[in-house]
>>> print(open('input-v6.tsv').read())   # TSV, C-alpha atoms
chain	number	residue	atom	x	y	z
A	63	MET	CA	101.14	94.83	99.37
A	64	ASP	CA	102.56	92.07	101.51
A	65	GLU	CA	100.38	89.03	100.89
A	66	ASP	CA	99.63	86.55	98.15
A	67	TYR	CA	96.47	86.76	96.10
A	68	GLU	CA	94.42	84.25	94.22
A	69	VAL	CA	92.96	85.49	90.96
A	70	GLN	CA	90.09	83.55	89.45
A	71	ALA	CA	91.37	82.83	85.97
A	72	ASN	CA	89.24	82.41	82.87
A	73	SER	CA	87.36	79.31	81.81
A	74	ALA	CA	90.52	77.67	80.49
A	75	ARG	CA	91.41	77.07	84.14
A	76	ARG	CA	88.06	75.35	84.76
A	77	GLY	CA	87.47	77.43	87.86
A	78	GLN	CA	90.77	76.58	89.55
A	79	PRO	CA	92.39	79.52	91.37
A	80	LEU	CA	95.62	80.82	89.93
A	81	ARG	CA	98.41	81.91	92.28
A	82	VAL	CA	99.30	85.53	91.75
A	83	VAL	CA	101.87	87.23	93.95
A	84	VAL	CA	101.90	91.04	93.96
A	85	ARG	CA	104.92	92.82	95.42
A	86	GLU	CA	106.37	96.30	95.16
A	87	GLY	CA	109.91	97.27	94.17
A	88	GLU	CA	112.61	95.18	95.81
A	89	GLU	CA	109.96	92.88	97.24
A	90	PHE	CA	108.95	91.93	93.70
A	91	VAL	CA	112.54	90.90	92.94
A	92	ALA	CA	112.85	89.07	96.25
A	93	ALA	CA	109.59	87.17	95.68
A	94	ALA	CA	110.73	86.07	92.24
A	95	ALA	CA	114.10	84.90	93.56
A	96	ALA	CA	112.41	83.06	96.42
A	97	TRP	CA	110.11	81.27	93.97
A	98	PHE	CA	113.15	80.12	91.97
A	99	SER	CA	114.97	78.91	95.06
A	100	GLU	CA	111.94	77.01	96.33
A	101	ALA	CA	111.32	75.39	92.96
A	102	VAL	CA	114.94	74.26	92.65
A	103	GLY	CA	114.90	72.97	96.23
A	104	SER	CA	111.73	71.00	95.57
A	105	VAL	CA	113.29	69.32	92.54
A	106	LEU	CA	116.59	68.52	94.28
A	107	ALA	CA	114.73	66.95	97.19
A	108	GLU	CA	113.70	64.22	94.74
A	109	ARG	CA	116.56	63.97	92.24
A	110	LYS	CA	120.26	64.64	91.91
A	111	ARG	CA	120.16	67.47	89.34
A	112	CYS	CA	117.74	70.21	88.31
A	113	THR	CA	117.15	71.57	84.82
A	114	VAL	CA	116.22	75.25	84.63
A	115	ALA	CA	115.44	77.55	81.70
A	116	LEU	CA	116.07	81.26	82.11
A	117	ALA	CA	114.06	84.13	80.66
A	118	GLY	CA	115.50	87.02	78.71
A	119	GLY	CA	114.35	90.61	78.48
A	120	ASN	CA	114.64	93.49	80.95
A	121	THR	CA	112.68	92.28	83.99
A	122	PRO	CA	114.76	89.16	84.86
A	123	ARG	CA	118.11	90.97	85.20
A	124	ALA	CA	117.37	92.30	88.67
A	125	ILE	CA	116.08	88.86	89.70
A	126	TYR	CA	119.29	87.21	88.55
A	127	GLU	CA	121.40	89.79	90.33
A	128	HIS	CA	119.43	89.20	93.52
A	129	LEU	CA	119.94	85.45	93.23
A	130	ALA	CA	123.68	85.92	92.76
A	131	GLU	CA	123.92	88.22	95.78
A	132	ARG	CA	121.50	86.61	98.23
A	133	TYR	CA	121.40	82.91	97.34
A	134	VAL	CA	125.05	81.96	97.49
A	135	ASP	CA	124.15	78.73	99.30
A	136	LEU	CA	121.84	77.48	96.56
A	137	PRO	CA	123.36	74.27	95.13
A	138	TRP	CA	124.28	75.95	91.86
A	139	SER	CA	126.63	73.14	90.83
A	140	LEU	CA	123.63	70.81	90.54
A	141	LEU	CA	121.85	72.94	87.94
A	142	ASP	CA	121.73	72.43	84.19
A	143	VAL	CA	120.88	75.78	82.62
A	144	TYR	CA	118.92	76.34	79.40
A	145	PHE	CA	117.19	79.33	77.80
A	146	GLY	CA	113.61	79.94	76.71
A	147	ASP	CA	114.61	82.08	73.76
A	148	GLU	CA	117.46	83.99	72.19
A	149	ARG	CA	118.05	86.80	69.77
A	150	GLN	CA	120.00	85.74	66.68
A	151	VAL	CA	123.11	87.66	67.66
A	152	PRO	CA	126.57	86.61	68.88
A	153	PRO	CA	126.79	85.66	72.59
A	154	ASP	CA	128.75	88.82	73.41
A	155	ASP	CA	126.23	91.13	71.73
A	156	PRO	CA	124.43	93.56	74.10
A	157	ALA	CA	121.09	92.16	72.86
A	158	SER	CA	121.98	88.56	73.76
A	159	ASN	CA	119.87	86.94	76.46
A	160	TYR	CA	122.80	84.67	77.24
A	161	ARG	CA	125.10	87.65	77.77
A	162	MET	CA	122.61	89.27	80.14
A	163	ALA	CA	122.21	86.08	82.17
A	164	ARG	CA	125.96	85.49	82.23
A	165	GLU	CA	126.71	88.99	83.49
A	166	ALA	CA	123.89	89.11	86.05
A	167	LEU	CA	124.05	85.54	87.35
A	168	LEU	CA	125.98	82.75	85.65
A	169	SER	CA	129.46	84.26	86.00
A	170	ARG	CA	128.80	85.05	89.67
A	171	VAL	CA	127.76	81.64	90.99
A	172	PRO	CA	129.53	78.23	90.92
A	173	ILE	CA	127.80	76.76	87.88
A	174	ASP	CA	129.96	74.58	85.67
A	175	PRO	CA	130.11	76.39	82.29
A	176	ALA	CA	129.77	72.99	80.64
A	177	ARG	CA	126.31	72.72	82.22
A	178	VAL	CA	125.12	76.00	80.65
A	179	PHE	CA	123.45	75.29	77.31
A	180	ARG	CA	122.97	78.46	75.31
A	181	MET	CA	121.10	78.82	72.04
A	182	ALA	CA	123.51	79.44	69.15
A	183	GLY	CA	121.95	82.69	68.06
A	184	GLU	CA	124.94	83.59	65.93
A	185	ARG	CA	124.42	80.73	63.47
A	186	ALA	CA	123.29	81.76	60.00
A	187	ASP	CA	121.18	78.60	59.64
A	188	ALA	CA	118.50	79.29	62.24
A	189	MET	CA	116.62	76.06	61.63
A	190	ALA	CA	119.78	74.01	62.14
A	191	ALA	CA	120.45	75.92	65.36
A	192	ALA	CA	116.91	75.22	66.52
A	193	ARG	CA	117.19	71.51	65.80
A	194	GLU	CA	120.51	71.36	67.58
A	195	TYR	CA	119.09	73.03	70.66
A	196	GLU	CA	116.01	70.87	70.90
A	197	SER	CA	118.30	67.82	70.88
A	198	LEU	CA	119.86	69.21	74.08
A	199	LEU	CA	116.61	69.92	75.91
A	200	PRO	CA	115.41	67.43	78.54
A	201	THR	CA	112.09	65.69	78.10
A	202	ALA	CA	110.61	68.15	80.58
A	203	LEU	CA	112.25	71.16	82.18
A	204	ASP	CA	112.15	71.15	85.97
A	205	VAL	CA	111.99	74.94	86.32
A	206	LEU	CA	110.93	77.40	83.62
A	207	MET	CA	111.13	81.17	84.10
A	208	LEU	CA	109.14	83.32	81.68
A	209	GLY	CA	108.65	87.02	81.13
A	210	MET	CA	105.92	88.80	79.19
A	211	GLY	CA	105.96	91.62	76.65
A	212	VAL	CA	103.43	94.44	76.38
A	213	ASP	CA	101.77	92.52	73.54
A	214	GLY	CA	101.36	89.40	75.68
A	215	HIS	CA	104.19	87.45	74.09
A	216	THR	CA	106.33	85.10	76.14
A	217	ALA	CA	109.71	83.62	75.25
A	218	SER	CA	109.74	84.62	71.55
A	219	LEU	CA	106.21	83.40	70.87
A	220	PHE	CA	104.42	86.44	69.47
A	221	PRO	CA	100.69	87.01	68.90
A	222	GLY	CA	99.46	85.30	65.73
A	223	ALA	CA	102.77	83.48	65.13
A	224	PRO	CA	102.62	80.05	63.45
A	225	GLN	CA	104.92	78.67	66.16
A	226	LEU	CA	101.96	78.80	68.54
A	227	ALA	CA	100.35	75.89	66.69
A	228	GLU	CA	103.47	73.70	66.92
A	229	ARG	CA	102.97	70.33	68.63
A	230	GLN	CA	106.10	68.36	67.64
A	231	ARG	CA	109.11	70.64	67.42
A	232	LEU	CA	110.54	71.96	70.71
A	233	VAL	CA	112.56	74.89	69.33
A	234	LEU	CA	111.93	76.99	66.24
A	235	PRO	CA	113.14	80.18	64.58
A	236	SER	CA	110.85	83.12	65.28
A	237	THR	CA	110.36	86.67	64.08
A	238	SER	CA	109.85	89.57	66.47
A	239	PRO	CA	107.95	92.75	65.52
A	240	SER	CA	110.69	94.72	67.29
A	241	PRO	CA	114.47	94.49	66.74
A	242	PRO	CA	116.39	92.32	66.73
A	243	ALA	CA	113.76	90.59	64.63
A	244	ARG	CA	115.32	87.15	64.20
A	245	ARG	CA	114.92	84.90	67.24
A	246	LEU	CA	115.02	81.31	68.43
A	247	THR	CA	112.31	80.15	70.83
A	248	ILE	CA	110.94	77.21	72.72
A	249	THR	CA	107.48	76.12	71.58
A	250	PRO	CA	104.20	75.48	73.47
A	251	PRO	CA	104.97	71.80	74.25
A	252	VAL	CA	108.03	72.87	76.25
A	253	ILE	CA	105.97	75.28	78.35
A	254	GLU	CA	103.23	72.70	78.86
A	255	ALA	CA	105.67	69.98	79.97
A	256	SER	CA	107.63	72.07	82.49
A	257	ARG	CA	107.28	70.96	86.11
A	258	HIS	CA	107.61	74.35	87.84
A	259	LEU	CA	106.59	77.42	85.90
A	260	ALA	CA	106.40	81.13	86.67
A	261	VAL	CA	105.78	84.38	84.83
A	262	PHE	CA	107.54	87.52	86.11
A	263	THR	CA	106.05	90.82	84.95
A	264	ALA	CA	106.48	94.44	86.01
A	265	GLY	CA	105.34	97.84	84.77
A	266	ALA	CA	102.11	99.66	83.95
A	267	ALA	CA	102.62	99.16	80.21
A	268	LYS	CA	101.99	95.45	80.70
A	269	ALA	CA	98.84	95.82	82.80
A	270	PRO	CA	96.39	95.43	79.87
A	271	ALA	CA	98.03	92.21	78.72
A	272	VAL	CA	98.14	90.87	82.30
A	273	ALA	CA	94.43	91.57	82.77
A	274	GLY	CA	93.58	90.06	79.41
A	275	ALA	CA	95.64	86.95	80.10
A	276	LEU	CA	94.31	86.29	83.59
A	277	GLU	CA	90.72	87.52	83.36
A	278	GLY	CA	89.90	87.56	79.66
A	279	ASN	CA	88.93	84.87	77.20
A	280	PHE	CA	91.38	82.07	76.64
A	281	ASP	CA	93.11	82.67	73.30
A	282	PRO	CA	96.86	81.98	73.32
A	283	LEU	CA	97.02	82.89	69.64
A	284	GLU	CA	96.29	86.48	70.71
A	285	LEU	CA	97.96	86.34	74.13
A	286	PRO	CA	100.67	83.66	74.03
A	287	VAL	CA	101.50	84.14	77.71
A	288	GLN	CA	98.24	82.31	78.47
A	289	LEU	CA	100.20	79.14	77.74
A	290	ALA	CA	101.59	79.67	81.25
A	291	LEU	CA	98.28	80.07	83.10
A	292	ARG	CA	98.94	77.02	85.26
A	293	GLY	CA	102.07	78.59	86.70
A	294	SER	CA	102.68	81.19	89.39
A	295	TRP	CA	102.49	84.82	88.29
A	296	ILE	CA	104.66	87.29	90.17
A	297	LEU	CA	103.69	90.88	89.41
A	298	ASP	CA	104.41	94.35	90.65
A	299	PRO	CA	101.40	96.55	91.57
A	300	GLU	CA	101.55	98.46	88.27
A	301	ALA	CA	101.36	95.26	86.21
A	302	ALA	CA	98.48	94.06	88.41
A	303	SER	CA	96.65	97.41	88.42
A	304	LEU	CA	93.88	96.39	85.99
A	305	LEU	CA	93.07	93.04	87.62
A	306	ARG	CA	89.54	93.08	88.99
A	307	SER	CA	90.15	90.11	91.28
A	308	VAL	CA	93.15	91.45	93.15
A	309	ARG	CA	92.15	92.88	96.51
A	310	THR	CA	93.93	96.08	97.55
>>> encode(input="input-v6.tsv", output="structure tokens")
Amino acid sequence: MDEDYEVQANSARRGQPLRVVVREGEEFVAAAAAWFSEAVGSVLAERKRCTVALAGGNTPRAIYEHLAERYVDLPWSLLDVYFGDERQVPPDDPASNYRMAREALLSRVPIDPARVFRMAGERADAMAAAREYESLLPTALDVLMLGMGVDGHTASLFPGAPQLAERQRLVLPSTSPSPPARRLTITPPVIEASRHLAVFTAGAAKAPAVAGALEGNFDPLELPVQLALRGSWILDPEAASLLRSVRT
């Protein structure tokens, strides 16, 4: 597939078309990296710095590696880097989202380490760590990258979690049904306030959640990724395979 598609989202979108990009293999990674570059460029055309929040999980690693290899001319020194969630582990732990992003991207591009703001997942007092991190967050992120789990979670906002009802706090401790269980996560107001937003999803295992999120009833309590319906969704064909509205 080598074109963009518009999927008619559910009633929560009030009939507005949602941009869904479907790409195979390396083209999926390239499309995601291009979206990031374009979003950053759009922000920097209007202001001197750009705030970005990176996603964790398995899918983003290849995107970050592609950015490091192919986008050397991106004005990396003008970025302030944040994270959408973190496992409560030390920053050098293999499960750390920060470690993954550092290895795949941050250590390979000219970003000032002082402008990389990681969540202190290693702190025993998770609530204190959450409050500390929300004090660092900007009023609105310029660019927010999100992934999605097979259960429809995004960041570390899981189906049925009380954090989904949060309207004041920007960062909270969270509990995952899979290890490592203890997490820190941004909350719905952060997703809603972000200026440029995208969801990157690959794999057949995620196809039911993708179809439910884009074409089912609007219920972020059951499918938290629906909080990102107003963003761009970049999918591989397997993740998009159950979408009725995607033309093949």
>>> atom_distance(input="input-v6.tsv", atom1="CA of Lys110 (chain A)", atom2="CA of Leu136 (chain A)")
13.7 Å
>>> atom_distance(input="input-v6.tsv", atom1="CA of Pro299 (chain A)", atom2="CA of Ala266 (chain A)")
8.3 Å
>>> atom_distance(input="input-v6.tsv", atom1="CA of Glu284 (chain A)", atom2="CA of Gln225 (chain A)")
12.5 Å
>>> closest_residue(input="input-v6.tsv", among="A:Ala255, A:Ala302, A:Cys112, A:Leu140", to="Gly274 (chain A)", atoms="all atoms listed in the file")
A:Ala302
>>> residues_near_point(input="input-v6.tsv", point="(112.7, 71.6, 85.3)", cutoff="7 Å", atoms="only C-alpha atoms", output="ChimeraX atom specification")
/A:112-114,202-206,256-258
>>> residues_around(input="input-v6.tsv", residues="region 179-188 of chain A", least_positions_apart="2", cutoff="9 Å", atoms="all atoms listed in the file", output="ChimeraX atom specification")
/A:142-153,158,160,175-177,190-195,198-199,234-235,244-247
>>> decode(input="input-v6.tsv", residues="region 267-285 of chain A", atoms="N, CA and C atoms", output="compact mmCIF listing (two decimals), in the first residue's frame")
# COMPACT_ATOMS: atom_id res chain seq x y z
N ALA A 267 -1.79 -8.84 16.04
CA ALA A 267 -2.36 -8.98 17.37
C ALA A 267 -3.10 -7.72 17.80
N LYS A 268 -2.74 -6.59 17.21
CA LYS A 268 -3.37 -5.32 17.60
C LYS A 268 -4.54 -4.94 16.71
N ALA A 269 -4.81 -5.73 15.67
CA ALA A 269 -5.87 -5.40 14.74
C ALA A 269 -7.24 -5.26 15.40
N PRO A 270 -7.65 -6.15 16.32
CA PRO A 270 -8.97 -5.97 16.95
C PRO A 270 -9.08 -4.65 17.70
N ALA A 271 -8.05 -4.28 18.43
CA ALA A 271 -8.10 -3.02 19.18
C ALA A 271 -8.11 -1.82 18.24
N VAL A 272 -7.35 -1.89 17.14
CA VAL A 272 -7.36 -0.81 16.16
C VAL A 272 -8.76 -0.64 15.58
N ALA A 273 -9.39 -1.73 15.17
CA ALA A 273 -10.73 -1.66 14.60
C ALA A 273 -11.74 -1.14 15.62
N GLY A 274 -11.62 -1.62 16.86
CA GLY A 274 -12.54 -1.14 17.89
C GLY A 274 -12.35 0.34 18.17
N ALA A 275 -11.11 0.79 18.18
CA ALA A 275 -10.83 2.20 18.48
C ALA A 275 -11.32 3.12 17.38
N LEU A 276 -11.10 2.74 16.13
CA LEU A 276 -11.40 3.63 15.01
C LEU A 276 -12.82 3.49 14.48
N GLU A 277 -13.43 2.32 14.62
CA GLU A 277 -14.74 2.09 14.02
C GLU A 277 -15.80 1.64 15.01
N GLY A 278 -15.41 1.47 16.27
CA GLY A 278 -16.37 1.04 17.27
C GLY A 278 -16.94 2.21 18.06
N ASN A 279 -17.68 1.90 19.09
CA ASN A 279 -18.25 2.93 19.95
C ASN A 279 -17.14 3.63 20.72
N PHE A 280 -17.40 4.87 21.03
CA PHE A 280 -16.41 5.67 21.75
C PHE A 280 -16.50 5.36 23.24
N ASP A 281 -15.47 4.72 23.77
CA ASP A 281 -15.43 4.38 25.19
C ASP A 281 -13.97 4.25 25.62
N PRO A 282 -13.32 5.39 25.91
CA PRO A 282 -11.91 5.34 26.30
C PRO A 282 -11.65 4.58 27.58
N LEU A 283 -12.67 4.35 28.38
CA LEU A 283 -12.48 3.54 29.58
C LEU A 283 -12.14 2.10 29.18
N GLU A 284 -12.71 1.64 28.07
CA GLU A 284 -12.43 0.30 27.57
C GLU A 284 -11.25 0.28 26.60
N LEU A 285 -11.14 1.33 25.80
CA LEU A 285 -10.05 1.45 24.82
C LEU A 285 -9.39 2.81 25.00
